[in-house]
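Asker: Structure file run_23.txt (compact mmCIF, C-alpha atoms and all ligand atoms) right here:
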```
# COMPACT_ATOMS: atom_id res chain seq x y z
CA MET A 1 0.00 0.00 0.00
CA ARG A 2 2.96 2.31 0.56
CA ARG A 3 4.04 1.77 -3.03
CA ALA A 4 0.52 2.31 -4.39
CA GLY A 5 0.27 5.43 -2.24
CA ARG A 6 3.53 6.83 -3.57
CA ILE A 7 2.28 6.49 -7.14
CA VAL A 8 -0.84 8.44 -6.24
CA ALA A 9 1.32 11.08 -4.56
CA GLU A 10 3.49 11.37 -7.65
CA VAL A 11 0.41 11.92 -9.82
CA LEU A 12 -0.77 14.72 -7.56
CA GLU A 13 2.68 16.34 -7.60
CA ARG A 14 2.57 16.33 -11.39
CA MET A 15 -0.90 17.87 -11.26
CA ARG A 16 0.51 20.76 -9.19
CA GLU A 17 2.94 21.44 -12.03
CA TRP A 18 0.40 21.06 -14.79
CA VAL A 19 -2.69 22.84 -13.51
CA ALA A 20 -2.75 26.29 -15.18
CA PRO A 21 -5.08 28.51 -17.17
CA GLY A 22 -5.61 27.07 -20.66
CA VAL A 23 -5.16 23.41 -19.71
CA THR A 24 -8.12 21.06 -20.20
CA THR A 25 -9.21 18.54 -17.60
CA ALA A 26 -8.85 15.79 -20.26
CA GLU A 27 -5.15 16.68 -20.61
CA LEU A 28 -4.71 16.32 -16.85
CA ASP A 29 -6.40 12.94 -17.00
CA GLU A 30 -4.12 11.73 -19.79
CA LEU A 31 -1.03 12.79 -17.88
CA ALA A 32 -2.26 11.14 -14.68
CA GLU A 33 -2.97 7.87 -16.42
CA ALA A 34 0.48 7.92 -18.04
CA VAL A 35 2.14 8.33 -14.62
CA ILE A 36 0.11 5.47 -13.15
CA ARG A 37 0.81 3.09 -16.04
CA LYS A 38 4.52 3.99 -16.09
CA HIS A 39 4.67 2.26 -12.70
CA ASN A 40 2.72 -0.76 -14.00
CA ALA A 41 -0.17 0.24 -11.79
CA ILE A 42 -3.85 0.45 -12.73
CA PRO A 43 -6.05 3.55 -12.39
CA SER A 44 -8.66 2.53 -9.79
CA PHE A 45 -11.32 4.93 -10.99
CA LYS A 46 -11.40 3.95 -14.65
CA GLY A 47 -14.44 1.74 -15.19
CA TYR A 48 -15.47 2.03 -11.54
CA PRO A 49 -19.14 1.12 -11.33
CA GLY A 50 -19.93 3.18 -8.26
CA HIS A 51 -23.44 3.05 -6.92
CA PRO A 52 -25.67 0.24 -8.28
CA SER A 53 -27.97 2.84 -9.83
CA ARG A 54 -25.05 3.95 -12.00
CA ILE A 55 -24.00 0.48 -13.14
CA ALA A 56 -24.64 1.45 -16.78
CA HIS A 57 -22.35 4.47 -16.39
CA PRO A 58 -18.92 3.31 -15.21
CA PHE A 59 -16.54 6.17 -14.46
CA PRO A 60 -14.74 6.87 -17.75
CA ALA A 61 -11.43 8.38 -16.59
CA SER A 62 -8.40 7.96 -14.32
CA ILE A 63 -8.95 11.11 -12.25
CA CYS A 64 -11.95 12.97 -10.98
CA ALA A 65 -11.60 16.62 -12.01
CA SER A 66 -14.09 18.85 -10.20
CA VAL A 67 -14.02 22.60 -10.87
CA ASN A 68 -15.36 25.34 -8.56
CA GLU A 69 -18.90 24.37 -7.46
CA GLU A 70 -18.20 20.76 -8.47
CA LEU A 71 -17.43 18.96 -5.21
CA VAL A 72 -16.33 15.48 -6.31
CA HIS A 73 -16.56 12.95 -9.17
CA GLY A 74 -16.25 15.47 -12.02
CA ILE A 75 -15.53 13.79 -15.36
CA PRO A 76 -12.46 15.09 -17.24
CA GLY A 77 -13.22 16.52 -20.67
CA PRO A 78 -12.75 19.51 -22.97
CA ARG A 79 -13.31 22.09 -20.21
CA VAL A 80 -10.51 24.64 -20.27
CA LEU A 81 -9.30 25.83 -16.87
CA GLN A 82 -9.59 29.58 -16.34
CA GLU A 83 -7.56 31.94 -14.18
CA GLY A 84 -9.26 32.08 -10.78
CA ASP A 85 -10.82 28.58 -10.91
CA ILE A 86 -10.13 25.98 -8.26
CA ILE A 87 -9.89 22.35 -9.32
CA SER A 88 -10.19 19.27 -7.14
CA ILE A 89 -8.28 16.28 -8.47
CA ASP A 90 -8.92 12.86 -6.97
CA VAL A 91 -6.84 9.87 -8.07
CA GLY A 92 -6.58 6.21 -7.20
CA ALA A 93 -4.07 3.55 -8.22
CA ILE A 94 -3.87 -0.22 -7.73
CA LEU A 95 -0.47 -1.87 -7.44
CA ASP A 96 -0.11 -5.61 -6.83
CA GLY A 97 -3.71 -5.72 -5.66
CA TYR A 98 -3.54 -2.83 -3.19
CA HIS A 99 -5.06 0.62 -3.49
CA GLY A 100 -3.97 4.17 -2.84
CA ASP A 101 -6.44 7.05 -2.97
CA ALA A 102 -5.86 10.80 -2.50
CA ALA A 103 -7.13 14.20 -3.59
CA ILE A 104 -6.09 17.83 -3.60
CA THR A 105 -7.73 21.08 -4.59
CA LEU A 106 -5.46 23.41 -6.54
CA PRO A 107 -5.67 27.06 -7.53
CA VAL A 108 -5.66 27.87 -11.24
CA GLY A 109 -3.43 30.93 -11.51
CA ARG A 110 -4.40 33.68 -9.08
CA ILE A 111 -7.52 32.97 -7.03
CA SER A 112 -9.67 35.08 -4.74
CA PRO A 113 -8.86 35.32 -1.01
CA GLU A 114 -12.18 33.56 -0.34
CA ALA A 115 -11.20 30.61 -2.52
CA GLN A 116 -7.73 30.49 -0.94
CA ARG A 117 -9.22 30.34 2.54
CA LEU A 118 -11.57 27.51 1.50
CA LEU A 119 -8.57 25.49 0.29
CA GLU A 120 -6.66 26.14 3.51
CA VAL A 121 -9.58 25.18 5.73
CA THR A 122 -10.30 21.99 3.78
CA GLU A 123 -6.67 20.88 3.88
CA GLY A 124 -6.53 21.82 7.56
CA ALA A 125 -9.59 19.67 8.19
CA LEU A 126 -7.83 16.70 6.61
CA TYR A 127 -4.87 17.13 8.96
CA ALA A 128 -7.19 17.58 11.93
CA GLY A 129 -8.73 14.23 11.00
CA ILE A 130 -5.32 12.60 10.63
CA ALA A 131 -4.26 13.94 14.04
CA ALA A 132 -7.30 12.23 15.58
CA ALA A 133 -6.51 8.93 13.82
CA ARG A 134 -4.62 7.30 16.69
CA VAL A 135 -4.80 3.94 18.43
CA GLY A 136 -7.30 4.12 21.25
CA ASN A 137 -9.43 6.76 19.57
CA ARG A 138 -12.63 5.82 17.79
CA PHE A 139 -13.78 6.54 14.27
CA GLY A 140 -16.21 9.11 15.63
CA ASP A 141 -13.27 11.09 16.98
CA ILE A 142 -11.93 11.50 13.43
CA SER A 143 -15.34 12.52 12.09
CA ALA A 144 -15.91 15.00 14.90
CA ALA A 145 -12.44 16.53 14.49
CA ILE A 146 -13.07 17.18 10.80
CA GLN A 147 -16.57 18.54 11.36
CA SER A 148 -15.63 20.91 14.15
CA TYR A 149 -12.57 22.18 12.28
CA VAL A 150 -14.73 23.03 9.25
CA GLU A 151 -17.84 24.36 10.96
CA SER A 152 -15.94 26.53 13.45
CA ARG A 153 -14.48 28.32 10.42
CA GLY A 154 -17.87 29.01 8.87
CA TYR A 155 -18.05 26.26 6.27
CA ASN A 156 -20.01 23.04 5.92
CA VAL A 157 -19.17 19.40 5.21
CA ALA A 158 -20.94 17.22 2.66
CA ARG A 159 -23.06 14.57 4.35
CA GLU A 160 -23.68 12.15 1.48
CA TYR A 161 -20.05 11.24 0.76
CA THR A 162 -17.53 9.88 3.21
CA GLY A 163 -14.02 8.65 3.82
CA HIS A 164 -13.59 4.88 3.92
CA GLY A 165 -11.52 1.89 4.73
CA ILE A 166 -9.14 0.99 1.89
CA GLY A 167 -6.86 -1.95 1.07
CA ARG A 168 -7.52 -4.71 -1.43
CA LYS A 169 -10.59 -2.74 -2.46
CA MET A 170 -10.81 1.01 -2.91
CA HIS A 171 -13.88 1.29 -0.69
CA GLU A 172 -13.90 -0.96 2.36
CA ASP A 173 -15.69 -0.73 5.67
CA PRO A 174 -16.10 1.35 7.65
CA GLN A 175 -17.42 4.53 6.14
CA VAL A 176 -15.76 7.53 7.78
CA PRO A 177 -18.17 10.47 7.62
CA ASN A 178 -16.93 14.06 7.83
CA PHE A 179 -19.32 14.67 10.71
CA GLY A 180 -20.01 12.76 13.88
CA LYS A 181 -19.69 12.52 17.61
CA PRO A 182 -16.52 11.89 19.62
CA GLY A 183 -16.34 8.52 21.35
CA ARG A 184 -18.63 6.77 18.85
CA GLY A 185 -17.83 3.97 16.43
CA ALA A 186 -15.20 1.25 16.39
CA ARG A 187 -11.80 1.73 18.01
CA LEU A 188 -8.82 2.39 15.79
CA ARG A 189 -6.27 -0.40 15.74
CA ARG A 190 -2.70 -0.52 14.55
CA GLY A 191 -2.45 -1.58 10.91
CA MET A 192 -5.84 -0.28 9.82
CA THR A 193 -5.69 1.63 6.54
CA ILE A 194 -8.25 4.33 5.82
CA ALA A 195 -8.85 7.16 3.38
CA LEU A 196 -9.88 10.43 5.04
CA GLU A 197 -11.42 12.98 2.72
CA PRO A 198 -13.11 16.14 3.93
CA MET A 199 -15.42 17.59 1.28
CA VAL A 200 -16.17 21.17 2.21
CA LEU A 201 -18.73 23.67 0.94
CA ALA A 202 -18.50 27.45 1.20
CA GLY A 203 -22.30 27.55 1.27
CA ASP A 204 -24.77 25.15 2.84
CA SER A 205 -24.32 21.39 2.74
CA CYS A 206 -26.86 20.67 -0.01
CA VAL A 207 -25.38 18.77 -2.98
CA ARG A 208 -26.85 17.17 -6.10
CA VAL A 209 -25.62 14.90 -8.91
CA LEU A 210 -25.62 16.20 -12.49
CA GLN A 211 -27.20 14.33 -15.40
CA ASP A 212 -23.82 12.82 -16.31
CA HIS A 213 -24.54 10.45 -13.35
CA TRP A 214 -21.33 11.40 -11.57
CA THR A 215 -20.53 15.07 -11.03
CA VAL A 216 -21.58 16.21 -7.56
CA VAL A 217 -22.17 19.97 -7.28
CA SER A 218 -23.22 22.36 -4.55
CA CYS A 219 -26.93 23.19 -4.86
CA ASP A 220 -26.24 26.89 -4.30
CA GLY A 221 -23.40 27.05 -6.86
CA LYS A 222 -20.89 28.18 -4.25
CA LEU A 223 -17.29 26.96 -4.19
CA THR A 224 -16.32 23.56 -2.80
CA ALA A 225 -13.04 21.81 -2.01
CA HIS A 226 -11.76 18.29 -1.35
CA PHE A 227 -8.53 16.96 0.17
CA GLU A 228 -7.77 13.30 0.83
CA HIS A 229 -4.99 11.05 2.06
CA THR A 230 -4.74 7.30 2.54
CA ILE A 231 -3.26 6.69 6.00
CA ALA A 232 -2.16 3.75 8.13
CA ILE A 233 -2.84 3.60 11.85
CA THR A 234 0.38 3.06 13.83
CA ASP A 235 1.27 3.09 17.52
CA GLY A 236 1.99 6.81 17.21
CA GLU A 237 0.94 9.36 14.62
CA ALA A 238 -0.82 7.93 11.59
CA GLU A 239 1.45 7.27 8.61
CA ILE A 240 0.41 9.12 5.48
CA LEU A 241 0.77 6.68 2.60
CA THR A 242 -0.10 9.07 -0.21
CA ARG A 243 2.74 11.51 0.41
CA LEU A 244 6.11 11.52 -1.33
MG MG A 301 -11.63 8.10 -1.40
```
Transcribe the structure of this file into structure tokens.

Answerer:
Amino acid sequence: MRRAGRIVAEVLERMREWVAPGVTTAELDELAEAVIRKHNAIPSFKGYPGHPSRIAHPFPASICASVNEELVHGIPGPRVLQEGDIISIDVGAILDGYHGDAAITLPVGRISPEAQRLLEVTEGALYAGIAAARVGNRFGDISAAIQSYVESRGYNVAREYTGHGIGRKMHEDPQVPNFGKPGRGARLRRGMTIALEPMVLAGDSCVRVLQDHWTVVSCDGKLTAHFEHTIAITDGEAEILTRL
């Protein structure tokens, strides 16, 4: 899982270099897939069936590319990134049967102070969740840490989409919501591997899915952001597997 995680991290590093005004999300997807395949890994998202109601619409790309009000699961395509946009890129890779999964939200050129703050708070929420991911704590402690970090800064978390266990499958039990109560849920044990992924909305928490069956957007059209790491529970601080 460390090796799968490092491939995912490398893809996201390349995305930092490539995201710029004038680039299309399809170009980012092509580059990401090339990095994954260079390592003889498989893009986890490509062909992913997702929810049973979407079985006829497998995800068609190697990254999710979600711009501005698009929260998660955006499909890469001809859209050209514009100065001032923010883009969330989520990527997964399978190596020797094990998964890595991570996401970042990046600025496209110069962005507004409001957008910058949303990115900082969402990334901060991820690290607040990771800090709570310690042996002896419970899953609810992670959820509560993320929720309180976000809400105390005036934003909201998405309720319909969650972090998750990860290993031989991309999505394993348990679900790890971005909201919850401390002291609830199963205890964290050494060796557990989970993907934490705060999805944060500048407006209220209402989201809906577009007619493409995948793209999740904020109902009010306000900006959204998404950061994710795959981590392993250790005896001390969690180990971040999707970091170079
Ligand atoms: Mg995930």

Asker: Please list, as a list in words, the residues that have an atom at most 7 Å away from (-17.0, 22.1, -7.6) in the coordinates of this file, counting all atoms listed in the file.

Answerer: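 These residues have at least one counted atom within 7 Å: Ser66, Val67, Asn68, Glu69, Glu70, Leu71, Val72, Val217, Ser218, Leu223, Thr224 and Ala225 of chain A.
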
Asker: What are the closest atom pairs, with distances in Å to one decimal, for each residue of chain A lying within 7 Å of ligand MG 301 (chain A), using only C-alpha atoms and all ligand atoms, rows by chain and rising residue number, as a Markdown table?

Answerer:
```
| residue | atom | partner | partner_atom | distance |
| --- | --- | --- | --- | --- |
| A:Asp101 | CA | A:MG301 | MG | 5.5 |
| A:Ala102 | CA | A:MG301 | MG | 6.5 |
| A:Gly163 | CA | A:MG301 | MG | 5.8 |
| A:His164 | CA | A:MG301 | MG | 6.5 |
| A:Ala195 | CA | A:MG301 | MG | 5.6 |
| A:Glu197 | CA | A:MG301 | MG | 6.4 |
| A:Glu228 | CA | A:MG301 | MG | 6.8 |
```

Asker: How many Å separate atom CA of Tyr48 of chain A from atom CA of Ile75 of chain A?

Answerer: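 The value is 12.4 Å.
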
Asker: May I have the residues within 7 Å of Ser143 of chain A as number ranges by chain, using only C-alpha atoms and disregarding those fewer than 4 positions away in the same chain?

Answerer: A: 129, 139, 147, 176-180

Asker: Using all atoms listed in the file, determine which residues lie at most 7 Å from Glu237 of chain A, disregarding the query and same-chain residues fewer than 3 positions distant; provide the list as a PyMOL selection string.

Answerer: chain A and resi 131+134+234

Asker: Which residue is closest to His171 of chain A? Choose from A:Asp212, A:Gly92, A:Gly185, A:Ala34 and count all atoms listed in the file.

Answerer: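 Checking each candidate against His171 of chain A, we get A:Gly92 as the closest.
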
Asker: Looking at A:Gly236, A:Pro107, A:Gly74, A:Gly100, which one is nearest to Ile86 of chain A, with distances taken over all atoms listed in the file?

Answerer: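 Nearest to Ile86 of chain A: A:Pro107.
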